[in-house]
Each structure stands twice: as C-alpha cells, then as structure tokens.
Amino acid sequence: MSLTALDAPAGARITVDLRAVADNTRTLVARARGEVMAVVKADGFGHGAVGVARAALGAGATWLGVTGLGEALALRASGLEGPMLSWLNPPGADFAAAVGQRVDLAVPSLAHLAAMPPGARIHLHLDTGMARDGAAEDEWLALCRAAREAELRGRVAVIGVMSHLAGPDTPAAVRRFREGVAIAYGMGLRPRVRHLAATAATLTEPDTHFDLVRTGAGLVGIDPSGTTVLRGAMTLTAPVVEVRRVVAGTPVGYDHTWRAPRDTTLALLPVGYADGLPRSAGPRGEVLLGGRRCRIAGRISMDQIVVDTGPGEGVRVGDVAVVFGPGLGGEPTVADWATWAGTLPHEIVTGLGSRPHRHVVGGN
Ligand SMILES: *Cc1c(COP(=O)(O)O)cnc(C)c1O
C-alpha cells in the first residue's frame, strides 16, 4: 500500500486487509486438529464482521461464532451461510428467530434450556474454572439430564458441549471438560462437537482442540500466546493537517505535560481518543511519519495528536502518518499501542471509533 500525499484521505483512515485474515486463518486451520470456528464478535474484533467472516470461511474455517444473537442474525442477513453459534444471551432473547435462521445457541443454565423453542440446536456450556459464563459444575448434571429429556421429547438437538479457558491451569480445565463431556454421555447425550480452545490454546495446546476450536484474535493477527507469526490485518493512518516550527521549551497540549526538548517541528494529526487511541498511551506513543518514528508530544486529545517530527524540515501538510499497522514498514503495531497503554491488542482494535473512514482491501 502506498501512503503518499496523493492518496491522503480527508481524515483518519482504517484499512483492513482481508488477505491477512485469510493467511492467519490458514495458519490456524493448519494447527487445529479439528474444525475451526471464526469468532467474529464485536464486529470482527473491530475489523468488520462480514468481511472477516467471508475471508475466514474462504480460507478453511467452517463455523462462525459470535456472542449475541443480534450479531448472528446480522451475519445471516448479509448472506453468510453455514454453521453458526451464538453463546451469550439472556433467557428472554428472541430464540425463535435464531431457530428460524439456523443459528445454534449455547445453553449455560436450566433457565436458558427452558427458553429454547422447538427445533433449537444447542451447545451445553460448562464452566471449567473461570466463573464467568457457562454452567457451574454442580449444576451440570441437572442441565445434562434436562437437556436429554428435552431432546427425547423432540424439542432440542444437543449438538455440542463447550467451555472456555481462563488461561492459567489449562490441564485442570481440560480434565473438568472431559468429565463434563463424560457426564453428558452418561445421560445419553451424543454431542457431535466438543469445543474448548480459543486462539492461544489453538496455537499451543493440541490437547484442548477436541472437535472444534473457536478463534477470533488470531484471525486478525493477534497472537495472545506470543508463539506464532501472524499478520496484522489493520492499518490506521492520519494525514498531517498542520506543521509548526517551535523553539526549545515550548509547552504542547493540555496541561503542558510536554515541552520541546530543542527547537523542533511539530505535526498535527486528526486522530485522538474518540477514534480509539488510548489516552494513557500518550507519554510513550509513536507514529511513523516521513519514514521515521515520531513521538507523541503532550496529551492525546479527543480528536487530535501532535507529534514531534524533529528539527529537520521535510514533513509537509498532507503527508500521511501511520499510527499502527502490521509493522513491516517500521510503523508501530497494535501490540505496541497496547503495551504503551497497558492493555491488550484486543482492546485497541475493538475500541476504535466510528469516525475514521473504513477501507477494505483483499476481499473476494
Ligand atoms: C472471544 C471468545 C473466543 C475467541 O477467543 P480468541 O482468544 O479471540 O481467539 C472463543 N470463545 C469464547 C467463548 C469467546 O468469548
């Protein structure tokens, strides 16, 4: 991608490269022992759910997964077919719509099971040590028994058993998961898809793979395990809207938290915390501008940042700064921004505002 003044957009711009999503999907498919679900919740981790879903399905993923039913119905409305699971809904959600659109539903409790309409395809959801979503172990037997009764009455079909890993002590979680599956079998259930692993365990713990892995972060180039080279799929750029020469000691921005250490040139970029740049990254943040890393000078404002481009001349109004990207051209990455802000890359990419112009490349 060329980032010359000629293709400078009017403001901040997000470019999503679906070829990176396809490459990352192939990496995950190659590692997985079973099938791969493309998790495209939170608008495909901020990359656009439909585009990411299409790219992933085109590269070997066979399932789609989202948290809320609304996300699932939106995917169906955009024409996406194939197995799809929604796993986080209140018992009062419109489950009849899910059945009508062939969306599988996670069932974490007896209340959810009671709310399933006839024809529901369900995945019993067990908590294996996170105390977040999923049935507690002491409720699991009753849930399996009730699900089997509902299945025998022809109300539901138990397609899967699922759980989610907290991170620490995966062997204990795998043991609890196996026990949970055994209890389901003991009740007469025959779940065809057992699924536990997300991206990190897909890349590092084959024992967790079972029949299906659910990968989200990895699709867009985030590797929480730190073991595998994946391709960042998103680039955020902003054009220089003003250039200013200042003398040593000039205070910059709100609260004067930064002063020019020498005579220098400042460039103003129209991107700020309303666009998703964490304000906490200000003291350490950098962008790539004119082929060099430039520090953010002063506070990140709601709509803008000032960067210190150094004493040399050269940066011009209309030049394009790369705020983050895959990192191949020397630009910061999403992971760099996460480090500067003391957070996860996930939070950076899902926290982007609606203002930057969005541009998708590499789709079919
Ligand atoms: C978000 C989520 C995933 C995907 O996790 P990644 O680490 O992004 O791959 C899988 N399963 C559940 C239940 C999730 O909430």
# chains A, B, ... in the order shown; residues from 1 in each chain; ligands from 1
call {"tool": "residues_near_ligand", "arguments": {"ligand": "ligand 1", "cutoff": "9 Å", "atoms": "only C-alpha atoms and all ligand atoms", "output": "MDAnalysis selection string"}}
result
chainID A and resid 37:42 45 65:67 87:88 133 162:165 195:202 213:219 222:224 346
call {"tool": "write_last_selection", "arguments": {"atoms": "N, CA and C atoms", "output": "mmCIF file, in the first residue's frame"}}
result
data_model
loop_
_atom_site.group_PDB
_atom_site.id
_atom_site.type_symbol
_atom_site.label_atom_id
_atom_site.label_comp_id
_atom_site.auth_asym_id
_atom_site.auth_seq_id
_atom_site.Cartn_x
_atom_site.Cartn_y
_atom_site.Cartn_z
ATOM 1 N N MET A 37 -13.716 -22.597 14.069
ATOM 2 C CA MET A 37 -14.779 -21.590 14.081
ATOM 3 C C MET A 37 -14.130 -20.212 14.004
ATOM 4 N N ALA A 38 -14.608 -19.380 13.080
ATOM 5 C CA ALA A 38 -14.163 -17.989 13.018
ATOM 6 C C ALA A 38 -15.050 -17.176 13.954
ATOM 7 N N VAL A 39 -14.460 -16.683 15.045
ATOM 8 C CA VAL A 39 -15.206 -15.871 16.005
ATOM 9 C C VAL A 39 -15.139 -14.415 15.543
ATOM 10 N N VAL A 40 -16.289 -13.890 15.163
ATOM 11 C CA VAL A 40 -16.329 -12.534 14.601
ATOM 12 C C VAL A 40 -17.201 -11.607 15.448
ATOM 13 N N LYS A 41 -17.216 -11.870 16.749
ATOM 14 C CA LYS A 41 -17.924 -10.993 17.681
ATOM 15 C C LYS A 41 -17.303 -9.590 17.648
ATOM 16 N N ALA A 42 -18.035 -8.639 18.268
ATOM 17 C CA ALA A 42 -17.534 -7.256 18.348
ATOM 18 C C ALA A 42 -17.089 -6.769 16.969
ATOM 19 N N PHE A 45 -13.803 -8.205 15.831
ATOM 20 C CA PHE A 45 -12.723 -7.540 16.568
ATOM 21 C C PHE A 45 -12.400 -6.181 15.933
ATOM 22 N N GLY A 65 -18.830 -17.885 14.788
ATOM 23 C CA GLY A 65 -19.258 -17.736 16.176
ATOM 24 C C GLY A 65 -19.322 -16.283 16.575
ATOM 25 N N VAL A 66 -20.334 -15.958 17.364
ATOM 26 C CA VAL A 66 -20.498 -14.611 17.904
ATOM 27 C C VAL A 66 -21.052 -14.736 19.317
ATOM 28 N N THR A 67 -21.003 -13.655 20.074
ATOM 29 C CA THR A 67 -21.618 -13.682 21.387
ATOM 30 C C THR A 67 -23.126 -13.519 21.242
ATOM 31 N N TRP A 87 -23.372 -17.476 21.754
ATOM 32 C CA TRP A 87 -23.225 -18.078 23.082
ATOM 33 C C TRP A 87 -23.479 -17.162 24.265
ATOM 34 N N LEU A 88 -23.955 -15.961 24.049
ATOM 35 C CA LEU A 88 -24.173 -15.124 25.234
ATOM 36 C C LEU A 88 -25.450 -14.333 25.073
ATOM 37 N N ASP A 133 -19.024 -17.307 32.245
ATOM 38 C CA ASP A 133 -20.212 -17.867 31.601
ATOM 39 C C ASP A 133 -20.132 -19.395 31.606
ATOM 40 N N MET A 162 -19.508 -27.134 25.177
ATOM 41 C CA MET A 162 -18.444 -26.137 25.076
ATOM 42 C C MET A 162 -18.017 -25.622 26.434
ATOM 43 N N SER A 163 -16.774 -25.105 26.469
ATOM 44 C CA SER A 163 -16.289 -24.365 27.617
ATOM 45 C C SER A 163 -15.230 -23.399 27.108
ATOM 46 N N HIS A 164 -14.684 -22.595 28.005
ATOM 47 C CA HIS A 164 -13.722 -21.567 27.607
ATOM 48 C C HIS A 164 -12.596 -21.555 28.631
ATOM 49 N N LEU A 165 -11.375 -21.346 28.158
ATOM 50 C CA LEU A 165 -10.204 -21.409 29.030
ATOM 51 C C LEU A 165 -9.881 -20.049 29.634
ATOM 52 N N HIS A 195 -16.031 -28.351 22.089
ATOM 53 C CA HIS A 195 -15.092 -27.252 21.802
ATOM 54 C C HIS A 195 -14.724 -26.456 23.035
ATOM 55 N N LEU A 196 -13.446 -26.161 23.139
ATOM 56 C CA LEU A 196 -12.859 -25.558 24.334
ATOM 57 C C LEU A 196 -11.854 -24.454 23.998
ATOM 58 N N ALA A 197 -11.010 -24.681 23.004
ATOM 59 C CA ALA A 197 -9.855 -23.787 22.786
ATOM 60 C C ALA A 197 -10.226 -22.515 22.036
ATOM 61 N N ALA A 198 -9.569 -21.413 22.392
ATOM 62 C CA ALA A 198 -9.581 -20.180 21.600
ATOM 63 C C ALA A 198 -8.189 -20.056 20.946
ATOM 64 N N THR A 199 -7.840 -18.852 20.501
ATOM 65 C CA THR A 199 -6.605 -18.705 19.708
ATOM 66 C C THR A 199 -5.362 -19.231 20.428
ATOM 67 N N ALA A 200 -5.160 -18.810 21.665
ATOM 68 C CA ALA A 200 -3.903 -19.155 22.340
ATOM 69 C C ALA A 200 -3.733 -20.669 22.422
ATOM 70 N N ALA A 201 -4.776 -21.365 22.872
ATOM 71 C CA ALA A 201 -4.668 -22.812 23.024
ATOM 72 C C ALA A 201 -4.626 -23.514 21.658
ATOM 73 N N THR A 202 -5.244 -22.918 20.655
ATOM 74 C CA THR A 202 -5.152 -23.491 19.311
ATOM 75 C C THR A 202 -3.697 -23.529 18.868
ATOM 76 N N VAL A 213 -12.123 -25.660 17.280
ATOM 77 C CA VAL A 213 -11.534 -24.561 18.058
ATOM 78 C C VAL A 213 -12.230 -23.264 17.661
ATOM 79 N N ARG A 214 -12.324 -22.345 18.611
ATOM 80 C CA ARG A 214 -13.001 -21.061 18.359
ATOM 81 C C ARG A 214 -11.958 -19.952 18.368
ATOM 82 N N THR A 215 -11.617 -19.443 17.199
ATOM 83 C CA THR A 215 -10.541 -18.454 17.111
ATOM 84 C C THR A 215 -11.061 -17.113 16.626
ATOM 85 N N GLY A 216 -10.709 -16.082 17.363
ATOM 86 C CA GLY A 216 -11.090 -14.725 16.993
ATOM 87 C C GLY A 216 -9.860 -13.857 16.790
ATOM 88 N N ALA A 217 -9.132 -13.620 17.891
ATOM 89 C CA ALA A 217 -7.970 -12.732 17.842
ATOM 90 C C ALA A 217 -6.985 -13.145 16.742
ATOM 91 N N GLY A 218 -6.746 -14.444 16.657
ATOM 92 C CA GLY A 218 -5.759 -14.927 15.685
ATOM 93 C C GLY A 218 -6.116 -14.579 14.253
ATOM 94 N N LEU A 219 -7.403 -14.529 13.959
ATOM 95 C CA LEU A 219 -7.832 -14.223 12.586
ATOM 96 C C LEU A 219 -7.315 -12.857 12.150
ATOM 97 N N ILE A 222 -3.699 -11.164 15.973
ATOM 98 C CA ILE A 222 -3.300 -11.057 17.376
ATOM 99 C C ILE A 222 -3.028 -12.455 17.911
ATOM 100 N N ASP A 223 -1.808 -12.674 18.401
ATOM 101 C CA ASP A 223 -1.464 -13.970 18.985
ATOM 102 C C ASP A 223 -1.252 -13.813 20.477
ATOM 103 N N PRO A 224 -2.277 -14.138 21.281
ATOM 104 C CA PRO A 224 -2.122 -13.966 22.731
ATOM 105 C C PRO A 224 -1.044 -14.878 23.312
ATOM 106 N N HIS A 346 -6.433 -6.635 21.784
ATOM 107 C CA HIS A 346 -7.877 -6.781 21.572
ATOM 108 C C HIS A 346 -8.629 -5.486 21.881
#
call {"tool": "residues_around", "arguments": {"residues": "Ile159 (chain A)", "least_positions_apart": "3", "cutoff": "10 Å", "atoms": "only C-alpha atoms", "output": "ChimeraX atom specification"}}
result
/A:104-106,120-124,156,189-194
call {"tool": "write_last_selection", "arguments": {"atoms": "N, CA, C and O atoms", "output": "short mmCIF file (atom, residue, chain, number, x, y, z; two decimals), in the first residue's frame"}}
result
data_model
loop_
_atom_site.label_atom_id
_atom_site.label_comp_id
_atom_site.auth_asym_id
_atom_site.auth_seq_id
_atom_site.Cartn_x
_atom_site.Cartn_y
_atom_site.Cartn_z
N ASP A 104 -27.19 -21.87 15.97
CA ASP A 104 -27.08 -22.68 17.17
C ASP A 104 -26.94 -21.77 18.39
O ASP A 104 -26.41 -20.66 18.29
N LEU A 105 -27.40 -22.29 19.54
CA LEU A 105 -27.40 -21.49 20.76
C LEU A 105 -26.68 -22.21 21.89
O LEU A 105 -26.89 -23.41 22.10
N ALA A 106 -25.84 -21.46 22.62
CA ALA A 106 -25.24 -22.01 23.82
C ALA A 106 -26.26 -21.98 24.94
O ALA A 106 -27.02 -21.01 25.07
N ALA A 120 -34.60 -26.00 18.45
CA ALA A 120 -33.31 -25.36 18.74
C ALA A 120 -32.18 -26.37 18.68
O ALA A 120 -32.30 -27.50 19.16
N ARG A 121 -31.08 -25.93 18.09
CA ARG A 121 -29.82 -26.70 18.09
C ARG A 121 -28.94 -26.08 19.16
O ARG A 121 -28.60 -24.91 19.07
N ILE A 122 -28.60 -26.88 20.17
CA ILE A 122 -27.95 -26.27 21.34
C ILE A 122 -26.57 -26.87 21.63
O ILE A 122 -26.27 -28.01 21.26
N HIS A 123 -25.76 -26.02 22.27
CA HIS A 123 -24.44 -26.42 22.77
C HIS A 123 -24.45 -26.18 24.27
O HIS A 123 -24.57 -25.03 24.71
N LEU A 124 -24.38 -27.24 25.05
CA LEU A 124 -24.38 -27.07 26.50
C LEU A 124 -23.05 -26.45 26.91
O LEU A 124 -21.98 -26.89 26.48
N VAL A 156 -35.31 -30.14 21.39
CA VAL A 156 -34.00 -29.58 21.05
C VAL A 156 -33.09 -30.69 20.53
O VAL A 156 -33.38 -31.88 20.74
N LEU A 189 -26.62 -38.22 26.05
CA LEU A 189 -26.39 -37.22 25.00
C LEU A 189 -25.22 -37.65 24.13
O LEU A 189 -24.30 -38.33 24.60
N ARG A 190 -25.24 -37.26 22.85
CA ARG A 190 -24.14 -37.58 21.94
C ARG A 190 -23.69 -36.32 21.20
O ARG A 190 -23.88 -36.20 19.99
N PRO A 191 -23.15 -35.35 21.95
CA PRO A 191 -22.75 -34.09 21.31
C PRO A 191 -21.66 -34.34 20.25
O PRO A 191 -20.65 -34.96 20.54
N ARG A 192 -21.93 -33.85 19.06
CA ARG A 192 -21.03 -34.11 17.94
C ARG A 192 -19.82 -33.18 17.97
O ARG A 192 -18.75 -33.52 17.51
N VAL A 193 -20.00 -31.98 18.48
CA VAL A 193 -18.88 -31.02 18.53
C VAL A 193 -18.57 -30.62 19.96
O VAL A 193 -19.37 -29.97 20.63
N ARG A 194 -17.38 -31.02 20.38
CA ARG A 194 -16.88 -30.62 21.69
C ARG A 194 -15.85 -29.51 21.44
O ARG A 194 -14.92 -29.71 20.65
#
call {"tool": "closest_atom_pairs", "arguments": {"of": "region 202-305 of chain A", "to": "region 319-333 of chain A", "cutoff": "8 Å", "atoms": "only C-alpha atoms", "output": "tab-separated table"}}
result
residue	atom	partner	partner_atom	distance
A:Arg231	CA	A:Pro326	CA	6.3
A:Gly232	CA	A:Pro326	CA	4.4
A:Ala233	CA	A:Pro326	CA	6.7
A:Met234	CA	A:Gly325	CA	5.8
A:Thr235	CA	A:Gly325	CA	4.1
A:Leu236	CA	A:Phe324	CA	5.4
A:Thr237	CA	A:Val322	CA	4.4
A:Ala238	CA	A:Ala321	CA	5.3
A:Pro239	CA	A:Val320	CA	4.2
A:Val240	CA	A:Asp319	CA	5.5
A:Leu269	CA	A:Ala321	CA	7.8
A:Glu286	CA	A:Pro332	CA	7.0
A:Val287	CA	A:Val323	CA	4.7
A:Leu288	CA	A:Glu331	CA	5.0
A:Leu289	CA	A:Ala321	CA	4.6
A:Gly290	CA	A:Asp319	CA	7.5
A:Gly291	CA	A:Gly330	CA	7.8
A:Arg292	CA	A:Gly330	CA	7.8
A:Arg293	CA	A:Glu331	CA	7.2
call {"tool": "select_by_dssp", "arguments": {"residues": "region 168-350 of chain A", "states": "helix (DSSP H, G or I)", "output": "VMD selection string"}}
result
chain A and resid 170 to 186 199 to 204 206 to 208 217 to 220 254 to 256 273 to 275 279 to 281 334 to 341 345 to 350
call {"tool": "select_by_dssp", "arguments": {"residues": "region 21-251 of chain A", "states": "strand (DSSP E)", "output": "CSV table (one decimal) with N, CA and C atoms, in the first residue's frame"}}
result
chain,number,residue,atom,x,y,z
A,35,GLU,N,-12.1,-28.9,13.4
A,35,GLU,CA,-12.5,-27.8,12.6
A,35,GLU,C,-12.2,-26.5,13.3
A,36,VAL,N,-12.3,-25.4,12.5
A,36,VAL,CA,-12.1,-24.0,13.0
A,36,VAL,C,-13.3,-23.2,12.9
A,37,MET,N,-13.7,-22.6,14.1
A,37,MET,CA,-14.8,-21.6,14.1
A,37,MET,C,-14.1,-20.2,14.0
A,38,ALA,N,-14.6,-19.4,13.1
A,38,ALA,CA,-14.2,-18.0,13.0
A,38,ALA,C,-15.0,-17.2,14.0
A,39,VAL,N,-14.5,-16.7,15.0
A,39,VAL,CA,-15.2,-15.9,16.0
A,39,VAL,C,-15.1,-14.4,15.5
A,63,TRP,N,-17.1,-22.9,10.7
A,63,TRP,CA,-18.1,-22.4,11.6
A,63,TRP,C,-17.9,-20.9,11.8
A,64,LEU,N,-19.0,-20.2,12.1
A,64,LEU,CA,-18.9,-18.8,12.5
A,64,LEU,C,-19.4,-18.7,14.0
A,65,GLY,N,-18.8,-17.9,14.8
A,65,GLY,CA,-19.3,-17.7,16.2
A,65,GLY,C,-19.3,-16.3,16.6
A,66,VAL,N,-20.3,-16.0,17.4
A,66,VAL,CA,-20.5,-14.6,17.9
A,66,VAL,C,-21.1,-14.7,19.3
A,84,MET,N,-23.4,-21.8,12.6
A,84,MET,CA,-23.1,-20.5,13.3
A,84,MET,C,-23.6,-20.7,14.7
A,85,LEU,N,-22.9,-20.2,15.7
A,85,LEU,CA,-23.2,-20.3,17.1
A,85,LEU,C,-23.2,-19.0,17.8
A,86,SER,N,-24.2,-18.7,18.6
A,86,SER,CA,-24.3,-17.5,19.5
A,86,SER,C,-24.3,-18.0,20.9
A,104,ASP,N,-27.2,-21.9,16.0
A,104,ASP,CA,-27.1,-22.7,17.2
A,104,ASP,C,-26.9,-21.8,18.4
A,105,LEU,N,-27.4,-22.3,19.5
A,105,LEU,CA,-27.4,-21.5,20.8
A,105,LEU,C,-26.7,-22.2,21.9
A,106,ALA,N,-25.8,-21.5,22.6
A,106,ALA,CA,-25.2,-22.0,23.8
A,106,ALA,C,-26.3,-22.0,24.9
A,107,VAL,N,-26.3,-23.0,25.7
A,107,VAL,CA,-27.2,-23.1,26.9
A,107,VAL,C,-26.4,-23.3,28.1
A,120,ALA,N,-34.6,-26.0,18.4
A,120,ALA,CA,-33.3,-25.4,18.7
A,120,ALA,C,-32.2,-26.4,18.7
A,121,ARG,N,-31.1,-25.9,18.1
A,121,ARG,CA,-29.8,-26.7,18.1
A,121,ARG,C,-28.9,-26.1,19.2
A,122,ILE,N,-28.6,-26.9,20.2
A,122,ILE,CA,-27.9,-26.3,21.3
A,122,ILE,C,-26.6,-26.9,21.6
A,123,HIS,N,-25.8,-26.0,22.3
A,123,HIS,CA,-24.4,-26.4,22.8
A,123,HIS,C,-24.5,-26.2,24.3
A,124,LEU,N,-24.4,-27.2,25.0
A,124,LEU,CA,-24.4,-27.1,26.5
A,124,LEU,C,-23.0,-26.4,26.9
A,125,HIS,N,-23.1,-25.4,27.7
A,125,HIS,CA,-22.0,-24.6,28.1
A,125,HIS,C,-21.6,-24.8,29.5
A,156,VAL,N,-35.3,-30.1,21.4
A,156,VAL,CA,-34.0,-29.6,21.1
A,156,VAL,C,-33.1,-30.7,20.5
A,157,ALA,N,-32.0,-30.3,19.9
A,157,ALA,CA,-31.0,-31.2,19.5
A,157,ALA,C,-29.7,-30.8,20.1
A,158,VAL,N,-29.1,-31.6,20.9
A,158,VAL,CA,-27.8,-31.2,21.6
A,158,VAL,C,-26.7,-31.5,20.6
A,159,ILE,N,-26.2,-30.5,20.0
A,159,ILE,CA,-25.1,-30.6,19.0
A,159,ILE,C,-23.8,-30.6,19.6
A,160,GLY,N,-23.6,-29.8,20.7
A,160,GLY,CA,-22.3,-29.6,21.2
A,160,GLY,C,-22.2,-29.4,22.7
A,161,VAL,N,-20.9,-29.6,23.2
A,161,VAL,CA,-20.6,-29.2,24.6
A,161,VAL,C,-19.4,-28.3,24.5
A,162,MET,N,-19.5,-27.1,25.2
A,162,MET,CA,-18.4,-26.1,25.1
A,162,MET,C,-18.0,-25.6,26.4
A,193,VAL,N,-20.0,-32.0,18.5
A,193,VAL,CA,-18.9,-31.0,18.5
A,193,VAL,C,-18.6,-30.6,20.0
A,194,ARG,N,-17.4,-31.0,20.4
A,194,ARG,CA,-16.9,-30.6,21.7
A,194,ARG,C,-15.9,-29.5,21.4
A,195,HIS,N,-16.0,-28.4,22.1
A,195,HIS,CA,-15.1,-27.3,21.8
A,195,HIS,C,-14.7,-26.5,23.0
A,212,LEU,N,-13.4,-28.9,17.6
A,212,LEU,CA,-13.6,-27.6,17.0
A,212,LEU,C,-12.8,-26.6,17.9
A,213,VAL,N,-12.1,-25.7,17.3
A,213,VAL,CA,-11.5,-24.6,18.1
A,213,VAL,C,-12.2,-23.3,17.7
A,214,ARG,N,-12.3,-22.3,18.6
A,214,ARG,CA,-13.0,-21.1,18.4
A,214,ARG,C,-12.0,-20.0,18.4
A,215,THR,N,-11.6,-19.4,17.2
A,215,THR,CA,-10.5,-18.5,17.1
A,215,THR,C,-11.1,-17.1,16.6
A,234,MET,N,-4.9,-4.8,10.2
A,234,MET,CA,-5.5,-3.4,10.2
A,234,MET,C,-4.3,-2.4,10.2
A,235,THR,N,-4.6,-1.3,9.5
A,235,THR,CA,-3.7,-0.1,9.4
A,235,THR,C,-4.5,1.1,9.7
A,236,LEU,N,-4.0,1.9,10.6
A,236,LEU,CA,-4.7,3.2,10.9
A,236,LEU,C,-3.7,4.3,10.5
A,237,THR,N,-4.2,5.2,9.6
A,237,THR,CA,-3.4,6.3,9.1
A,237,THR,C,-4.1,7.6,9.4
A,238,ALA,N,-3.3,8.7,9.4
A,238,ALA,CA,-3.9,10.1,9.5
A,238,ALA,C,-3.0,11.0,8.8
A,239,PRO,N,-3.6,12.0,8.0
A,239,PRO,CA,-2.8,12.9,7.3
A,239,PRO,C,-2.4,14.1,8.2
A,242,GLU,N,-1.4,20.2,9.8
A,242,GLU,CA,-0.7,21.4,10.1
A,242,GLU,C,0.7,21.1,10.5
A,243,VAL,N,1.7,22.0,10.1
A,243,VAL,CA,3.1,21.8,10.6
A,243,VAL,C,3.5,23.1,11.2
A,244,ARG,N,4.2,23.0,12.3
A,244,ARG,CA,4.5,24.2,13.1
A,244,ARG,C,6.0,24.0,13.6
A,245,ARG,N,6.8,25.1,13.4
A,245,ARG,CA,8.1,25.1,14.0
A,245,ARG,C,8.0,25.8,15.4
A,246,VAL,N,8.7,25.1,16.4
A,246,VAL,CA,8.6,25.7,17.7
A,246,VAL,C,10.1,25.8,18.3
A,251,PRO,N,5.7,24.7,25.5
A,251,PRO,CA,4.8,23.6,26.0
A,251,PRO,C,3.8,23.2,25.0
